[in-house]
Amino acid sequence: MKKSLLFCLFCLLIPFAASSQNTYHGQYTRSFHDIMNDVSHRWNVKFTYTEGVDTAGLKLPYADFRVRPYSLEETLTNICKYFDFNWFKQNDHKYKIKLYEYPRRHVEEGRQMLAYLNTLYSNKVQFEARRDSVRREVRQRLEIDKYMDSLTHSKPVLGKVVVHDGYTTQNICIETLPGEHLFGTIYTPHPDKATLKKWKQKNGTGKFALIICPDGHFKGGRYRPDEQQRLGTLARMGAVCVDFDLYGWGQSEQEYGPNSHRTDRAHVIQALNAEVLLDYMWNNRKDIDHKRIGVNGGSGGGSHTILLTVLDDRITAAAPTVNLASHFDGGCPCESGKPIHLSGHGTCNPELIAFFAPRPLQIVSDDGDWTSSVPTLEYPYLQRIYGFYNATDKVENIHLPGERHDYGPNKRKANYSFFERVFNLDPIQCDESKVTILSANELQSKIK
């Protein structure tokens, strides 16, 4: 009986001994796993962890004091920030824990940023003073002029013109810096005589619009079918389109190596390549209408679409697609590797693209990525800015609530409709089935 009583007392003391460690003397320390399990049960949610988040053996001081009974998300912030983690809501019952990312924030932080920016200007004069200052600083932080001063000004290597149904393709390679090249393809309208005559009567000129198309991080790069469909269709409709390899992708990977893309140098070189292509087309192609210069790209290509509107006043219409957010600057260093978003004591992509006002602007968004906030957050901000110019009809948001992050048919159709209207293109020629899908090898330059 005596032994049994001692055993019972011992068992009772075990949890007391363990809990006694959770005192001020022990800094109320608990393991990360224990506190997250408690949070999970308390709010009936599940947590997933991205690659790189190593929670093994982590201890959290003052753990229970970081819990806010009135707010799951404030609780998660208090816990995660100690380890330089961040949380992101997937749905009402699921949260993802990630390593801290400098270009990614919560939607509420984007809301606060736009509210702050709105306090900086209440009219066109104040906005343009901010615009001019931030644009100069973006250019300085990007350091693009340092590279511009080193351009080789080499003559491009142009491939054979290949004729397709209503358009042609021609590969182009330009040595930009000594020993460095951009690799791209030019899609040019090739209408029959009757169609060309109609276009001349419609536009008062035999010249074509030009659309620079920086690429995003979709699998296959600029060689993927949907990229060819988009550029080929826009060419059939009456616009010369040019795309080019991301830094360290496609042919560029052969030059810079497989690990070159995720670098801050990619940020400036991709912008430089777009400027070099625009300069070449502007100065050497007599069939280009200088009053109709567009830029259009998706995802990371959307980041560079925005950047090009900041860098180059020749652009007259822009369509960044599945990209814009006040709470996300672009997750690849090729989008945010240079600290351009620190300009003006802090800016974001919606403000950068707002500097494009009052020129025609289309924002394509969906519910399956970070652009889900556009209809209620970023678009109203842009409408306010365009209102300074009495030009709210010049900015539009095409939101696709049932779709995810891609460059699918509905995103492309939105782009076709936009450029048809602002550049007076031919809707009758809008037929993706007429576009020939070429192999990657066929879209690469043959240079020695």
# chains A, B, ... in the order shown; residues from 1 in each chain; ligands from 1

$ residues_around --residues "A:Asn91" --least-positions-apart "2" --cutoff "12 Å" --atoms "only C-alpha atoms" --output "MDAnalysis selection string"
chainID A and resid 45:47 88:89 93:96 368

$ residues_around --residues "A:Lys59" --least-positions-apart "4" --cutoff "12 Å" --atoms "only C-alpha atoms" --output "number ranges by chain"
A: 22, 26-36, 55, 63, 79-80, 82-83

$ closest_residue --among "A:Gln383, A:Gln362, A:Ser336, A:Gln444" --to "A:Ile398" --atoms "only C-alpha atoms"
A:Gln362

$ residues_around --residues "stretch 256-259 of chain A" --least-positions-apart "6" --cutoff "8 Å" --atoms "only C-alpha atoms" --output "mmCIF file with N, CA, C and O atoms, in the first residue's frame"
data_model
loop_
_atom_site.group_PDB
_atom_site.id
_atom_site.type_symbol
_atom_site.label_atom_id
_atom_site.label_comp_id
_atom_site.auth_asym_id
_atom_site.auth_seq_id
_atom_site.Cartn_x
_atom_site.Cartn_y
_atom_site.Cartn_z
ATOM 1 N N TYR A 247 16.965 36.555 -68.510
ATOM 2 C CA TYR A 247 18.386 36.431 -68.191
ATOM 3 C C TYR A 247 18.640 35.048 -67.586
ATOM 4 O O TYR A 247 18.054 34.689 -66.568
ATOM 5 N N GLY A 248 19.483 34.261 -68.253
ATOM 6 C CA GLY A 248 19.800 32.935 -67.739
ATOM 7 C C GLY A 248 18.781 31.866 -68.071
ATOM 8 O O GLY A 248 18.855 30.758 -67.536
ATOM 9 N N TRP A 249 17.828 32.174 -68.962
ATOM 10 C CA TRP A 249 16.863 31.176 -69.446
ATOM 11 C C TRP A 249 17.078 30.995 -70.946
ATOM 12 O O TRP A 249 17.612 31.867 -71.634
#

$ select_by_dssp --residues "stretch 15-138 of chain A" --states "helix (DSSP H, G or I)" --output "ChimeraX atom specification"
/A:15-20,32-43,64-66,72-83,107-118,124-138

$ residues_around --residues "A:Ala271" --least-positions-apart "6" --cutoff "10 Å" --atoms "only C-alpha atoms" --output "NGL selection string"
:A and (142 or 144 or 214 or 247 or 304-305 or 307-308 or 311 or 334-335)

$ write_last_selection --atoms "all heavy atoms" --output "PDB file, in the first residue's frame"
ATOM      1  N   LEU A 142      18.150  51.073 -59.847  1.00  0.00           N
ATOM      2  CA  LEU A 142      18.304  49.980 -60.806  1.00  0.00           C
ATOM      3  C   LEU A 142      19.699  49.979 -61.428  1.00  0.00           C
ATOM      4  O   LEU A 142      20.180  48.922 -61.862  1.00  0.00           O
ATOM      5  CB  LEU A 142      17.243  50.108 -61.903  1.00  0.00           C
ATOM      6  CG  LEU A 142      17.116  48.953 -62.891  1.00  0.00           C
ATOM      7  CD1 LEU A 142      16.666  47.673 -62.197  1.00  0.00           C
ATOM      8  CD2 LEU A 142      16.156  49.307 -64.020  1.00  0.00           C
ATOM      9  N   ILE A 144      20.609  51.228 -64.234  1.00  0.00           N
ATOM     10  CA  ILE A 144      20.554  50.880 -65.649  1.00  0.00           C
ATOM     11  C   ILE A 144      21.441  51.790 -66.491  1.00  0.00           C
ATOM     12  O   ILE A 144      22.002  51.361 -67.516  1.00  0.00           O
ATOM     13  CB  ILE A 144      19.094  50.905 -66.174  1.00  0.00           C
ATOM     14  CG1 ILE A 144      19.037  50.271 -67.576  1.00  0.00           C
ATOM     15  CG2 ILE A 144      18.507  52.305 -66.145  1.00  0.00           C
ATOM     16  CD1 ILE A 144      17.632  50.026 -68.074  1.00  0.00           C
ATOM     17  N   PRO A 214       8.021  41.347 -72.456  1.00  0.00           N
ATOM     18  CA  PRO A 214       8.926  40.671 -71.513  1.00  0.00           C
ATOM     19  C   PRO A 214       8.268  39.406 -70.971  1.00  0.00           C
ATOM     20  O   PRO A 214       7.061  39.377 -70.752  1.00  0.00           O
ATOM     21  CB  PRO A 214       9.135  41.718 -70.413  1.00  0.00           C
ATOM     22  CG  PRO A 214       7.960  42.631 -70.514  1.00  0.00           C
ATOM     23  CD  PRO A 214       7.564  42.655 -71.950  1.00  0.00           C
ATOM     24  N   TYR A 247      16.965  36.555 -68.510  1.00  0.00           N
ATOM     25  CA  TYR A 247      18.386  36.431 -68.191  1.00  0.00           C
ATOM     26  C   TYR A 247      18.640  35.048 -67.586  1.00  0.00           C
ATOM     27  O   TYR A 247      18.054  34.689 -66.568  1.00  0.00           O
ATOM     28  CB  TYR A 247      18.749  37.525 -67.198  1.00  0.00           C
ATOM     29  CG  TYR A 247      20.195  37.604 -66.781  1.00  0.00           C
ATOM     30  CD1 TYR A 247      21.092  38.439 -67.436  1.00  0.00           C
ATOM     31  CD2 TYR A 247      20.667  36.880 -65.695  1.00  0.00           C
ATOM     32  CE1 TYR A 247      22.409  38.549 -67.038  1.00  0.00           C
ATOM     33  CE2 TYR A 247      21.984  36.967 -65.285  1.00  0.00           C
ATOM     34  CZ  TYR A 247      22.852  37.803 -65.952  1.00  0.00           C
ATOM     35  OH  TYR A 247      24.159  37.910 -65.535  1.00  0.00           O
ATOM     36  N   HIS A 304       8.131  43.402 -65.155  1.00  0.00           N
ATOM     37  CA  HIS A 304       8.964  44.162 -66.086  1.00  0.00           C
ATOM     38  C   HIS A 304       8.142  45.054 -66.994  1.00  0.00           C
ATOM     39  O   HIS A 304       8.628  46.090 -67.458  1.00  0.00           O
ATOM     40  CB  HIS A 304       9.882  43.217 -66.859  1.00  0.00           C
ATOM     41  CG  HIS A 304      11.080  42.827 -66.064  1.00  0.00           C
ATOM     42  ND1 HIS A 304      12.231  43.566 -66.067  1.00  0.00           N
ATOM     43  CD2 HIS A 304      11.270  41.831 -65.174  1.00  0.00           C
ATOM     44  CE1 HIS A 304      13.101  43.025 -65.217  1.00  0.00           C
ATOM     45  NE2 HIS A 304      12.539  41.967 -64.668  1.00  0.00           N
ATOM     46  N   THR A 305       6.889  44.689 -67.222  1.00  0.00           N
ATOM     47  CA  THR A 305       5.984  45.598 -67.917  1.00  0.00           C
ATOM     48  C   THR A 305       5.842  46.889 -67.120  1.00  0.00           C
ATOM     49  O   THR A 305       5.948  47.995 -67.665  1.00  0.00           O
ATOM     50  CB  THR A 305       4.610  44.934 -68.107  1.00  0.00           C
ATOM     51  OG1 THR A 305       4.726  43.825 -69.007  1.00  0.00           O
ATOM     52  CG2 THR A 305       3.586  45.904 -68.662  1.00  0.00           C
ATOM     53  N   LEU A 307       7.927  48.047 -64.812  1.00  0.00           N
ATOM     54  CA  LEU A 307       9.203  48.742 -64.755  1.00  0.00           C
ATOM     55  C   LEU A 307       9.475  49.521 -66.034  1.00  0.00           C
ATOM     56  O   LEU A 307       9.974  50.658 -65.993  1.00  0.00           O
ATOM     57  CB  LEU A 307      10.328  47.737 -64.489  1.00  0.00           C
ATOM     58  CG  LEU A 307      11.751  48.290 -64.394  1.00  0.00           C
ATOM     59  CD1 LEU A 307      11.857  49.365 -63.325  1.00  0.00           C
ATOM     60  CD2 LEU A 307      12.744  47.161 -64.127  1.00  0.00           C
ATOM     61  N   LEU A 308       9.142  48.940 -67.169  1.00  0.00           N
ATOM     62  CA  LEU A 308       9.402  49.625 -68.439  1.00  0.00           C
ATOM     63  C   LEU A 308       8.566  50.888 -68.591  1.00  0.00           C
ATOM     64  O   LEU A 308       9.004  51.859 -69.202  1.00  0.00           O
ATOM     65  CB  LEU A 308       9.159  48.678 -69.609  1.00  0.00           C
ATOM     66  CG  LEU A 308      10.187  47.556 -69.770  1.00  0.00           C
ATOM     67  CD1 LEU A 308       9.776  46.599 -70.870  1.00  0.00           C
ATOM     68  CD2 LEU A 308      11.577  48.126 -70.052  1.00  0.00           C
ATOM     69  N   LEU A 311      10.525  53.502 -66.861  1.00  0.00           N
ATOM     70  CA  LEU A 311      11.803  53.858 -67.482  1.00  0.00           C
ATOM     71  C   LEU A 311      11.665  54.572 -68.819  1.00  0.00           C
ATOM     72  O   LEU A 311      12.564  55.321 -69.212  1.00  0.00           O
ATOM     73  CB  LEU A 311      12.645  52.586 -67.698  1.00  0.00           C
ATOM     74  CG  LEU A 311      13.063  51.805 -66.455  1.00  0.00           C
ATOM     75  CD1 LEU A 311      13.766  50.509 -66.873  1.00  0.00           C
ATOM     76  CD2 LEU A 311      13.964  52.636 -65.556  1.00  0.00           C
ATOM     77  N   CYS A 334      15.017  38.819 -60.223  1.00  0.00           N
ATOM     78  CA  CYS A 334      14.933  39.504 -61.515  1.00  0.00           C
ATOM     79  C   CYS A 334      13.800  40.525 -61.530  1.00  0.00           C
ATOM     80  O   CYS A 334      13.704  41.340 -62.445  1.00  0.00           O
ATOM     81  CB  CYS A 334      14.766  38.497 -62.658  1.00  0.00           C
ATOM     82  SG  CYS A 334      13.084  37.974 -62.994  1.00  0.00           S
ATOM     83  N   GLU A 335      12.934  40.498 -60.505  1.00  0.00           N
ATOM     84  CA  GLU A 335      11.853  41.468 -60.374  1.00  0.00           C
ATOM     85  C   GLU A 335      12.099  42.480 -59.260  1.00  0.00           C
ATOM     86  O   GLU A 335      11.588  43.600 -59.309  1.00  0.00           O
ATOM     87  CB  GLU A 335      10.533  40.755 -60.078  1.00  0.00           C
ATOM     88  CG  GLU A 335      10.118  39.716 -61.088  1.00  0.00           C
ATOM     89  CD  GLU A 335       8.968  38.863 -60.567  1.00  0.00           C
ATOM     90  OE1 GLU A 335       7.839  39.382 -60.510  1.00  0.00           O
ATOM     91  OE2 GLU A 335       9.213  37.700 -60.185  1.00  0.00           O
TER      92      GLU A 335
END

$ residues_around --residues "A:Val374" --least-positions-apart "2" --cutoff "12 Å" --atoms "only C-alpha atoms" --output "VMD selection string"
chain A and resid 107 110 to 111 321 to 328 349 to 350 362 to 372 376 to 383 396 to 401

$ select_by_dssp --residues "stretch 35-144 of chain A" --states "strand (DSSP E)" --output "MDAnalysis selection string"
chainID A and resid 46:49 59:60 85:91 94:99

$ write_last_selection --atoms "C-alpha atoms" --output "PDB file, in the first residue's frame"
ATOM      1  CA  LYS A  46      -3.991  23.257 -39.944  1.00  0.00           C
ATOM      2  CA  PHE A  47      -0.491  24.459 -40.735  1.00  0.00           C
ATOM      3  CA  THR A  48       1.760  23.468 -43.610  1.00  0.00           C
ATOM      4  CA  TYR A  49       5.421  24.388 -43.847  1.00  0.00           C
ATOM      5  CA  LYS A  59      12.129  26.800 -28.505  1.00  0.00           C
ATOM      6  CA  LEU A  60       9.913  29.825 -28.000  1.00  0.00           C
ATOM      7  CA  PHE A  85       8.958  33.127 -40.311  1.00  0.00           C
ATOM      8  CA  ASN A  86       5.771  34.479 -41.853  1.00  0.00           C
ATOM      9  CA  TRP A  87       2.297  33.055 -42.265  1.00  0.00           C
ATOM     10  CA  PHE A  88      -0.103  33.193 -45.198  1.00  0.00           C
ATOM     11  CA  LYS A  89      -3.751  32.208 -45.168  1.00  0.00           C
ATOM     12  CA  GLN A  90      -4.719  29.543 -47.709  1.00  0.00           C
ATOM     13  CA  ASN A  91      -8.358  29.234 -46.667  1.00  0.00           C
ATOM     14  CA  LYS A  94      -5.389  26.236 -43.529  1.00  0.00           C
ATOM     15  CA  TYR A  95      -2.312  28.427 -43.127  1.00  0.00           C
ATOM     16  CA  LYS A  96       1.123  28.145 -44.689  1.00  0.00           C
ATOM     17  CA  ILE A  97       4.248  28.954 -42.676  1.00  0.00           C
ATOM     18  CA  LYS A  98       7.099  30.326 -44.798  1.00  0.00           C
ATOM     19  CA  LEU A  99      10.502  31.862 -44.365  1.00  0.00           C
TER      20      LEU A  99
END

$ residues_around --residues "A:Asn118" --least-positions-apart "6" --cutoff "10 Å" --atoms "only C-alpha atoms" --output "count of residues only"
6

$ closest_atom_pairs --of "stretch 267-288 of chain A" --to "stretch 171-175 of chain A" --cutoff "9 Å" --atoms "only C-alpha atoms" --output "tab-separated table"
residue	atom	partner	partner_atom	distance
A:Asn273	CA	A:Ile174	CA	9.0
A:Val276	CA	A:Ile174	CA	8.4
A:Leu277	CA	A:Ile174	CA	8.4

$ atom_distance --atom1 "atom CA of A:Lys124" --atom2 "atom CA of A:Gly301"
28.8 Å

$ residues_around --residues "stretch 162-164 of chain A" --least-positions-apart "2" --cutoff "12 Å" --atoms "only C-alpha atoms" --output "ChimeraX atom specification"
/A:158-160,166-171,185-192,232-233,235-236,433-438,442-443

$ closest_residue --among "A:Phe218, A:Phe418, A:Phe183, A:Phe244" --to "A:His405" --atoms "only C-alpha atoms"
A:Phe218

$ decode --residues "stretch 171-266 of chain A" --atoms "C-alpha atoms" --output "PDB file, in the first residue's frame"
ATOM      1  CA  ASN A 171      14.884  35.603 -84.663  1.00  0.00           C
ATOM      2  CA  ILE A 172      17.110  38.408 -83.464  1.00  0.00           C
ATOM      3  CA  CYS A 173      20.342  38.461 -81.491  1.00  0.00           C
ATOM      4  CA  ILE A 174      22.019  41.666 -80.307  1.00  0.00           C
ATOM      5  CA  GLU A 175      25.317  41.947 -78.479  1.00  0.00           C
ATOM      6  CA  THR A 176      24.379  44.359 -75.721  1.00  0.00           C
ATOM      7  CA  LEU A 177      27.462  44.412 -73.505  1.00  0.00           C
ATOM      8  CA  PRO A 178      30.844  43.009 -74.561  1.00  0.00           C
ATOM      9  CA  GLY A 179      30.388  39.257 -74.893  1.00  0.00           C
ATOM     10  CA  GLU A 180      26.746  39.387 -73.738  1.00  0.00           C
ATOM     11  CA  HIS A 181      23.689  38.992 -75.933  1.00  0.00           C
ATOM     12  CA  LEU A 182      19.938  39.224 -75.925  1.00  0.00           C
ATOM     13  CA  PHE A 183      18.052  36.550 -77.830  1.00  0.00           C
ATOM     14  CA  GLY A 184      14.538  37.127 -79.093  1.00  0.00           C
ATOM     15  CA  THR A 185      11.986  36.727 -81.848  1.00  0.00           C
ATOM     16  CA  ILE A 186      10.125  39.361 -83.847  1.00  0.00           C
ATOM     17  CA  TYR A 187       6.515  38.564 -84.824  1.00  0.00           C
ATOM     18  CA  THR A 188       5.468  40.835 -87.716  1.00  0.00           C
ATOM     19  CA  PRO A 189       2.027  41.186 -89.383  1.00  0.00           C
ATOM     20  CA  HIS A 190       1.871  39.696 -92.875  1.00  0.00           C
ATOM     21  CA  PRO A 191      -1.622  40.506 -94.129  1.00  0.00           C
ATOM     22  CA  ASP A 192      -2.928  39.893 -97.613  1.00  0.00           C
ATOM     23  CA  LYS A 193      -3.348  42.918 -99.880  1.00  0.00           C
ATOM     24  CA  ALA A 194      -7.028  43.414 -99.112  1.00  0.00           C
ATOM     25  CA  THR A 195      -6.454  43.312 -95.360  1.00  0.00           C
ATOM     26  CA  LEU A 196      -3.479  45.675 -95.577  1.00  0.00           C
ATOM     27  CA  LYS A 197      -5.563  48.127 -97.622  1.00  0.00           C
ATOM     28  CA  LYS A 198      -8.286  47.996 -94.979  1.00  0.00           C
ATOM     29  CA  TRP A 199      -5.743  48.655 -92.219  1.00  0.00           C
ATOM     30  CA  LYS A 200      -4.325  51.680 -94.070  1.00  0.00           C
ATOM     31  CA  GLN A 201      -7.796  53.131 -94.415  1.00  0.00           C
ATOM     32  CA  LYS A 202      -8.567  52.375 -90.777  1.00  0.00           C
ATOM     33  CA  ASN A 203      -5.384  53.800 -89.250  1.00  0.00           C
ATOM     34  CA  GLY A 204      -4.438  56.343 -91.887  1.00  0.00           C
ATOM     35  CA  THR A 205      -1.015  54.733 -92.195  1.00  0.00           C
ATOM     36  CA  GLY A 206       0.593  51.564 -93.406  1.00  0.00           C
ATOM     37  CA  LYS A 207       2.578  51.272 -90.187  1.00  0.00           C
ATOM     38  CA  PHE A 208       2.083  48.796 -87.358  1.00  0.00           C
ATOM     39  CA  ALA A 209       1.813  49.116 -83.606  1.00  0.00           C
ATOM     40  CA  LEU A 210       4.741  47.693 -81.625  1.00  0.00           C
ATOM     41  CA  ILE A 211       4.365  45.626 -78.430  1.00  0.00           C
ATOM     42  CA  ILE A 212       7.409  44.681 -76.355  1.00  0.00           C
ATOM     43  CA  CYS A 213       6.651  41.420 -74.492  1.00  0.00           C
ATOM     44  CA  PRO A 214       8.926  40.671 -71.513  1.00  0.00           C
ATOM     45  CA  ASP A 215       8.540  37.073 -70.399  1.00  0.00           C
ATOM     46  CA  GLY A 216       7.500  35.600 -67.050  1.00  0.00           C
ATOM     47  CA  HIS A 217       8.550  32.475 -65.195  1.00  0.00           C
ATOM     48  CA  PHE A 218       6.081  30.088 -66.806  1.00  0.00           C
ATOM     49  CA  LYS A 219       7.501  26.688 -67.691  1.00  0.00           C
ATOM     50  CA  GLY A 220       8.982  26.673 -71.174  1.00  0.00           C
ATOM     51  CA  GLY A 221       9.900  30.345 -71.134  1.00  0.00           C
ATOM     52  CA  ARG A 222       9.175  32.307 -74.275  1.00  0.00           C
ATOM     53  CA  TYR A 223       9.058  29.086 -76.320  1.00  0.00           C
ATOM     54  CA  ARG A 224       5.889  27.771 -74.688  1.00  0.00           C
ATOM     55  CA  PRO A 225       2.738  27.533 -76.847  1.00  0.00           C
ATOM     56  CA  ASP A 226       0.672  30.211 -75.080  1.00  0.00           C
ATOM     57  CA  GLU A 227       3.449  32.781 -75.569  1.00  0.00           C
ATOM     58  CA  GLN A 228       3.608  32.013 -79.276  1.00  0.00           C
ATOM     59  CA  GLN A 229      -0.187  32.066 -79.515  1.00  0.00           C
ATOM     60  CA  ARG A 230      -0.383  35.496 -77.897  1.00  0.00           C
ATOM     61  CA  LEU A 231       2.355  37.142 -79.933  1.00  0.00           C
ATOM     62  CA  GLY A 232       1.341  35.445 -83.175  1.00  0.00           C
ATOM     63  CA  THR A 233      -2.298  36.466 -82.724  1.00  0.00           C
ATOM     64  CA  LEU A 234      -1.443  40.075 -81.913  1.00  0.00           C
ATOM     65  CA  ALA A 235       0.777  40.110 -85.002  1.00  0.00           C
ATOM     66  CA  ARG A 236      -2.050  38.769 -87.133  1.00  0.00           C
ATOM     67  CA  MET A 237      -4.204  41.589 -85.726  1.00  0.00           C
ATOM     68  CA  GLY A 238      -1.705  44.258 -86.786  1.00  0.00           C
ATOM     69  CA  ALA A 239       0.976  44.678 -84.114  1.00  0.00           C
ATOM     70  CA  VAL A 240       4.664  43.831 -84.354  1.00  0.00           C
ATOM     71  CA  CYS A 241       5.521  41.885 -81.172  1.00  0.00           C
ATOM     72  CA  VAL A 242       8.961  41.130 -79.777  1.00  0.00           C
ATOM     73  CA  ASP A 243       9.877  38.806 -76.925  1.00  0.00           C
ATOM     74  CA  PHE A 244      13.274  37.809 -75.555  1.00  0.00           C
ATOM     75  CA  ASP A 245      14.803  35.270 -73.192  1.00  0.00           C
ATOM     76  CA  LEU A 246      14.862  35.928 -69.483  1.00  0.00           C
ATOM     77  CA  TYR A 247      18.386  36.431 -68.191  1.00  0.00           C
ATOM     78  CA  GLY A 248      19.800  32.935 -67.739  1.00  0.00           C
ATOM     79  CA  TRP A 249      16.863  31.176 -69.446  1.00  0.00           C
ATOM     80  CA  GLY A 250      16.688  29.622 -72.908  1.00  0.00           C
ATOM     81  CA  GLN A 251      19.615  30.620 -75.084  1.00  0.00           C
ATOM     82  CA  SER A 252      20.678  33.082 -72.429  1.00  0.00           C
ATOM     83  CA  GLU A 253      21.291  30.183 -70.039  1.00  0.00           C
ATOM     84  CA  GLN A 254      23.889  28.825 -72.454  1.00  0.00           C
ATOM     85  CA  GLU A 255      25.736  32.122 -72.150  1.00  0.00           C
ATOM     86  CA  TYR A 256      25.397  32.928 -68.448  1.00  0.00           C
ATOM     87  CA  GLY A 257      25.036  29.450 -66.938  1.00  0.00           C
ATOM     88  CA  PRO A 258      22.197  27.567 -65.214  1.00  0.00           C
ATOM     89  CA  ASN A 259      22.403  29.395 -61.868  1.00  0.00           C
ATOM     90  CA  SER A 260      22.532  32.933 -63.206  1.00  0.00           C
ATOM     91  CA  HIS A 261      18.865  33.889 -63.242  1.00  0.00           C
ATOM     92  CA  ARG A 262      18.077  34.409 -59.559  1.00  0.00           C
ATOM     93  CA  THR A 263      20.441  37.361 -59.207  1.00  0.00           C
ATOM     94  CA  ASP A 264      20.012  41.103 -58.861  1.00  0.00           C
ATOM     95  CA  ARG A 265      21.933  41.513 -62.130  1.00  0.00           C
ATOM     96  CA  ALA A 266      19.037  39.801 -63.904  1.00  0.00           C
TER      97      ALA A 266
END
